[in-house]
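Student: Structure provided below as structure tokens; questions to follow.
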Amino acid sequence: MTQKNPKKIKDYFLNFKFRMTNTRIIALGFAIIILTGTLLLCLPFASANFEWTNPIDSLFTATTATCVTGLVTVDTGVHWSMFGQIVILVMVQIGGIGFMTLFTLLSFLVKGKVSLHERRLLMQSAGAMHMGGVMGTFRQILLGTLVMEGLGAFILYRRFLPVLGEKALWYAIFHSISMFCNAGLDLFTPVGGASLTTFADDPVVMFTVMFLVVMGGLGFLVWNDLLKSLFRWRKMQLHTKLVLCITGVLLLGGAVLFYFTERNASMAHLSESQRMMASLFQSVTTRTAGAYTVDQSTLSDSGSLISMVLMFIGGSPGSTAGGVKTTTVAIFLFSAIRLARNQETVVAFKRRIDDRIVRQAGSVVCVYLGVILLGTTLICALEPAGMREVMYDVVSAIATVGLSMNLTPTLCWMSKLILIILMFAGRLGGLSIFMAIGERNETTLLERPVEKILIG
């Protein structure tokens, strides 16, 4: 028997460590959190009836919480005990602000400093553009999250108290965190209504929730830039300008479209003022929030398509939201328009966009569309459900939204597993999941010959 060379073994482990790129570390961190949550949710005292929970349902719930999605196979307010709900809320908070933010905080408390490698991981996890401002971004993430969630909880508590009594405080905290993190998980079924249908005619609750969703979906970089520029348009970065413009167009445009497509469909039973409120809320919640005030299964075909488009776009980079992101879609559309005009460079607000960013935007859109088509095909082959309902859930999963046409609880375990994979991939991002699988640190200098082909 030949003896192994100790030097080769040492080199192997060194190379393995070298291959653990930042993307893979972030993916592994989310996976560890999900598996830990799954084990905790399987325990008997995590359920309301003190029985063991099906591992697939526990894994699905842990994934939907950590990936801040909101799709559920068991009702959050009915199935889980207080312990289970606390576990879910902790995972939502970690998933919303990013596990690297929590890891950095713990590292700082233990060691009193943050290493260069941890700064790089935090930069990629939080979406910071420069290494120099990463610690400032870290502090603003924690402070901004605390302020927003605290303010939301305070307002919701005042509104919930007359209706929910002693449950009001827990419900206010849970839903403030859930909505700010764009998770969409709720506890309202035991008190008389699914999601926010009970408070659909309460403007204070509705606007508070919409404020939390929008602020969570804008992104931490936008907060930082708005404070630095003192809300002066000329001083804002291009990223902030794009996010604010696209967000405003999507929210207002979506509300108008929903009003005209759903006034005689899913919103036919509402008064005129309630229709306007519901239309605006549907436009906001499809930006990866997941809560709803009208039953999604009653949406018209036009309303379903509009919802899927808005879910596909999602929120902004470096935020708690999912989807392909507003800036990605903006760059993709700008690129298509410039190419149609035979102009090679992409320009926005008198600034040229780097060619690498343009290529990445096209790649992200293509990856998401391909995954949606594949996921829809697989689940349609497994389930007796219609394509509209299946695609709605698939888009909701990959965009980490959480809206469903009441299909998710009825799925078989294989379909649930497909949605779990989609939610995990959506939380990491389309490119990140492929980078985690195939990214290499070494680069090649080989340059292939160029040849033209016909397209279009």
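Here, A, B, ... name the chains of the structure tokens in the order displayed, residue numbers run from 1 inside each chain, and ligands are numbered from 1 in the same displayed order.
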If we count only C-alpha atoms, what is near A:Leu257 at a cut-off of 10 Å, once residues fewer than 6 positions away on the same chain are taken out, given as a list in words?

Tutor: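 Skipping anything fewer than 6 positions along the chain leaves Ser279, Leu280, Ser283, Ser302, Gly303 and Ile306 of chain A.
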
Student: Any idea what's packed within 12 Å of A:Asp295, counting only C-alpha atoms, ignoring anything in its chain fewer than 4 positions away? Could you give it as a PyMOL selection string?

Tutor: chain A and resi 193-197+200+262+265-269+278+282+290-291+299-300+303-304+403-406

Student: Give me the residues of stretch 236-327 of chain A that have any atom at most 10 Å from an atom of stretch 353-367 of chain A; for each, the nearest atom pair and the distance in Å, rounded to one decimal. Use only C-alpha atoms, sort by chain and number, and format it as a Markdown table.

Tutor:
```
| residue | atom | partner | partner_atom | distance |
| --- | --- | --- | --- | --- |
| A:Leu238 | CA | A:Ile353 | CA | 9.7 |
| A:Phe312 | CA | A:Val365 | CA | 9.2 |
| A:Ile313 | CA | A:Val365 | CA | 9.3 |
| A:Gly323 | CA | A:Val365 | CA | 9.7 |
| A:Val324 | CA | A:Val365 | CA | 6.6 |
| A:Lys325 | CA | A:Val364 | CA | 9.4 |
| A:Thr327 | CA | A:Ala361 | CA | 8.4 |
```

Student: Please write the residues from the selection above to a file, keeping N, CA, C and O atoms, as a PDB file, in the first residue's frame.

Tutor:
```
ATOM      1  N   LEU A 238     -25.709  57.952  -9.329  1.00  0.00           N
ATOM      2  CA  LEU A 238     -26.521  57.421 -10.428  1.00  0.00           C
ATOM      3  C   LEU A 238     -27.383  56.252  -9.944  1.00  0.00           C
ATOM      4  O   LEU A 238     -28.549  56.125 -10.340  1.00  0.00           O
ATOM      5  N   PHE A 312     -41.269  39.825 -10.811  1.00  0.00           N
ATOM      6  CA  PHE A 312     -40.033  39.514 -11.524  1.00  0.00           C
ATOM      7  C   PHE A 312     -39.017  40.643 -11.358  1.00  0.00           C
ATOM      8  O   PHE A 312     -37.833  40.397 -11.121  1.00  0.00           O
ATOM      9  N   ILE A 313     -39.465  41.882 -11.445  1.00  0.00           N
ATOM     10  CA  ILE A 313     -38.559  43.029 -11.298  1.00  0.00           C
ATOM     11  C   ILE A 313     -38.088  43.156  -9.852  1.00  0.00           C
ATOM     12  O   ILE A 313     -36.896  43.310  -9.583  1.00  0.00           O
ATOM     13  N   GLY A 323     -36.096  39.553  -6.548  1.00  0.00           N
ATOM     14  CA  GLY A 323     -36.320  39.867  -7.949  1.00  0.00           C
ATOM     15  C   GLY A 323     -35.014  40.140  -8.682  1.00  0.00           C
ATOM     16  O   GLY A 323     -33.926  40.058  -8.116  1.00  0.00           O
ATOM     17  N   VAL A 324     -35.135  40.461  -9.979  1.00  0.00           N
ATOM     18  CA  VAL A 324     -33.930  40.763 -10.756  1.00  0.00           C
ATOM     19  C   VAL A 324     -33.374  42.138 -10.395  1.00  0.00           C
ATOM     20  O   VAL A 324     -32.264  42.472 -10.788  1.00  0.00           O
ATOM     21  N   LYS A 325     -34.154  42.949  -9.708  1.00  0.00           N
ATOM     22  CA  LYS A 325     -33.795  44.263  -9.197  1.00  0.00           C
ATOM     23  C   LYS A 325     -34.098  45.374 -10.222  1.00  0.00           C
ATOM     24  O   LYS A 325     -34.008  45.188 -11.430  1.00  0.00           O
ATOM     25  N   THR A 327     -32.571  48.277 -10.898  1.00  0.00           N
ATOM     26  CA  THR A 327     -31.465  48.797 -11.702  1.00  0.00           C
ATOM     27  C   THR A 327     -31.103  47.821 -12.825  1.00  0.00           C
ATOM     28  O   THR A 327     -30.719  48.251 -13.923  1.00  0.00           O
TER      29      THR A 327
END
```

Student: Run DSSP on the backbone and give me the residues of stretch 214-419 of chain A it puts in strand (DSSP E or B), as a list of chain:residue names.

Tutor: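 Taking stretch 214-419 of chain A and keeping strand (DSSP E or B) gives A:Val347, A:Ala348, A:Arg351, A:Arg352.
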
Student: In Å, rounded to a single decimal, give me how far atom CA of A:Ile177 is from atom CA of A:Gly150.

Tutor: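 That distance, rounded to one decimal, is 8.6 Å.
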
Student: Using only C-alpha atoms, which residues sit within 12 Å of stretch 32-35 of chain A once same-chain residues fewer than 4 positions away are excluded, as a short mmCIF file (atom, residue, chain, number, x, y, z; two decimals) with N, CA and C atoms, in the first residue's frame?

Tutor:
```
data_model
loop_
_atom_site.label_atom_id
_atom_site.label_comp_id
_atom_site.auth_asym_id
_atom_site.auth_seq_id
_atom_site.Cartn_x
_atom_site.Cartn_y
_atom_site.Cartn_z
N ILE A 25 -19.06 31.42 0.44
CA ILE A 25 -19.18 31.57 1.89
C ILE A 25 -20.55 32.12 2.27
N ILE A 26 -21.03 33.11 1.50
CA ILE A 26 -22.36 33.67 1.76
C ILE A 26 -23.43 32.63 1.53
N ALA A 27 -23.31 31.84 0.45
CA ALA A 27 -24.28 30.78 0.17
C ALA A 27 -24.27 29.73 1.28
N LEU A 28 -23.07 29.36 1.73
CA LEU A 28 -22.95 28.38 2.81
C LEU A 28 -23.54 28.91 4.10
N LEU A 39 -34.11 22.21 11.84
CA LEU A 39 -34.02 21.31 13.00
C LEU A 39 -34.85 21.84 14.17
N LEU A 40 -34.79 23.14 14.41
CA LEU A 40 -35.56 23.74 15.51
C LEU A 40 -37.06 23.65 15.26
N LEU A 41 -37.47 23.87 14.01
CA LEU A 41 -38.90 23.84 13.69
C LEU A 41 -39.46 22.42 13.67
N CYS A 42 -38.60 21.43 13.53
CA CYS A 42 -39.07 20.04 13.58
C CYS A 42 -39.45 19.61 14.99
N PRO A 55 -40.52 17.12 8.13
CA PRO A 55 -39.24 17.76 7.77
C PRO A 55 -39.32 18.64 6.53
N ILE A 56 -40.12 18.24 5.54
CA ILE A 56 -40.24 19.05 4.32
C ILE A 56 -40.91 20.38 4.63
N SER A 58 -40.95 21.85 7.59
CA SER A 58 -40.01 22.61 8.41
C SER A 58 -38.93 23.24 7.54
N LEU A 59 -38.39 22.47 6.59
CA LEU A 59 -37.38 23.00 5.68
C LEU A 59 -37.95 24.12 4.82
N PHE A 60 -39.17 23.93 4.34
CA PHE A 60 -39.82 24.96 3.52
C PHE A 60 -40.00 26.24 4.32
N THR A 61 -40.48 26.12 5.56
CA THR A 61 -40.70 27.30 6.40
C THR A 61 -39.39 27.99 6.74
N ALA A 62 -38.36 27.21 7.07
CA ALA A 62 -37.05 27.80 7.38
C ALA A 62 -36.48 28.52 6.17
N THR A 63 -36.67 27.95 4.99
CA THR A 63 -36.18 28.59 3.76
C THR A 63 -36.95 29.85 3.45
N THR A 64 -38.28 29.79 3.55
CA THR A 64 -39.09 30.97 3.22
C THR A 64 -38.83 32.11 4.21
N ALA A 65 -38.47 31.77 5.47
CA ALA A 65 -38.16 32.81 6.46
C ALA A 65 -36.78 33.40 6.22
N THR A 66 -35.77 32.56 6.06
CA THR A 66 -34.40 33.03 5.87
C THR A 66 -34.24 33.75 4.54
N CYS A 67 -34.94 33.29 3.52
CA CYS A 67 -34.88 33.93 2.20
C CYS A 67 -35.92 35.03 2.05
N VAL A 68 -36.56 35.40 3.17
CA VAL A 68 -37.58 36.46 3.24
C VAL A 68 -38.53 36.40 2.06
N VAL A 87 -38.56 31.58 16.37
CA VAL A 87 -37.51 31.05 15.48
C VAL A 87 -37.68 31.60 14.07
N ILE A 88 -38.90 31.62 13.59
CA ILE A 88 -39.19 32.14 12.25
C ILE A 88 -38.83 33.61 12.15
N VAL A 90 -36.67 35.34 13.96
CA VAL A 90 -35.20 35.51 14.00
C VAL A 90 -34.60 35.23 12.63
N MET A 91 -35.07 34.17 11.97
CA MET A 91 -34.57 33.86 10.64
C MET A 91 -34.94 34.94 9.62
N VAL A 92 -36.14 35.50 9.76
CA VAL A 92 -36.54 36.60 8.88
C VAL A 92 -35.61 37.79 9.06
N GLN A 93 -35.30 38.12 10.31
CA GLN A 93 -34.42 39.26 10.58
C GLN A 93 -33.02 39.02 10.04
N ILE A 94 -32.49 37.82 10.26
CA ILE A 94 -31.16 37.49 9.74
C ILE A 94 -31.16 37.51 8.21
N GLY A 95 -32.20 36.93 7.62
CA GLY A 95 -32.28 36.91 6.16
C GLY A 95 -32.47 38.29 5.57
N GLY A 98 -29.13 40.30 6.16
CA GLY A 98 -27.97 39.55 5.68
C GLY A 98 -27.21 38.94 6.84
N PHE A 99 -26.89 37.66 6.72
CA PHE A 99 -26.25 36.98 7.84
C PHE A 99 -24.85 37.54 8.10
N MET A 100 -24.20 38.12 7.04
CA MET A 100 -22.87 38.68 7.25
C MET A 100 -22.91 39.91 8.14
N LEU A 102 -24.91 40.24 10.74
CA LEU A 102 -24.94 39.67 12.09
C LEU A 102 -23.57 39.10 12.46
N PHE A 103 -22.94 38.41 11.52
CA PHE A 103 -21.62 37.82 11.78
C PHE A 103 -20.60 38.91 12.10
N ILE A 420 -38.27 25.37 -2.82
CA ILE A 420 -37.21 25.64 -1.84
C ILE A 420 -35.92 26.04 -2.55
N ILE A 421 -35.57 25.29 -3.59
CA ILE A 421 -34.36 25.60 -4.36
C ILE A 421 -34.49 26.97 -5.03
N MET A 423 -36.34 29.54 -4.01
CA MET A 423 -36.25 30.60 -3.00
C MET A 423 -34.81 30.85 -2.58
N PHE A 424 -34.06 29.78 -2.41
CA PHE A 424 -32.65 29.90 -2.02
C PHE A 424 -31.86 30.60 -3.12
#
```

Student: A:Ala397, A:Leu161, A:Ile246, A:Ile418: which is nearest A:Ser316, counting only C-alpha atoms?

Tutor: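 Answer, going by the shortest atom-to-atom distance: A:Ile246.
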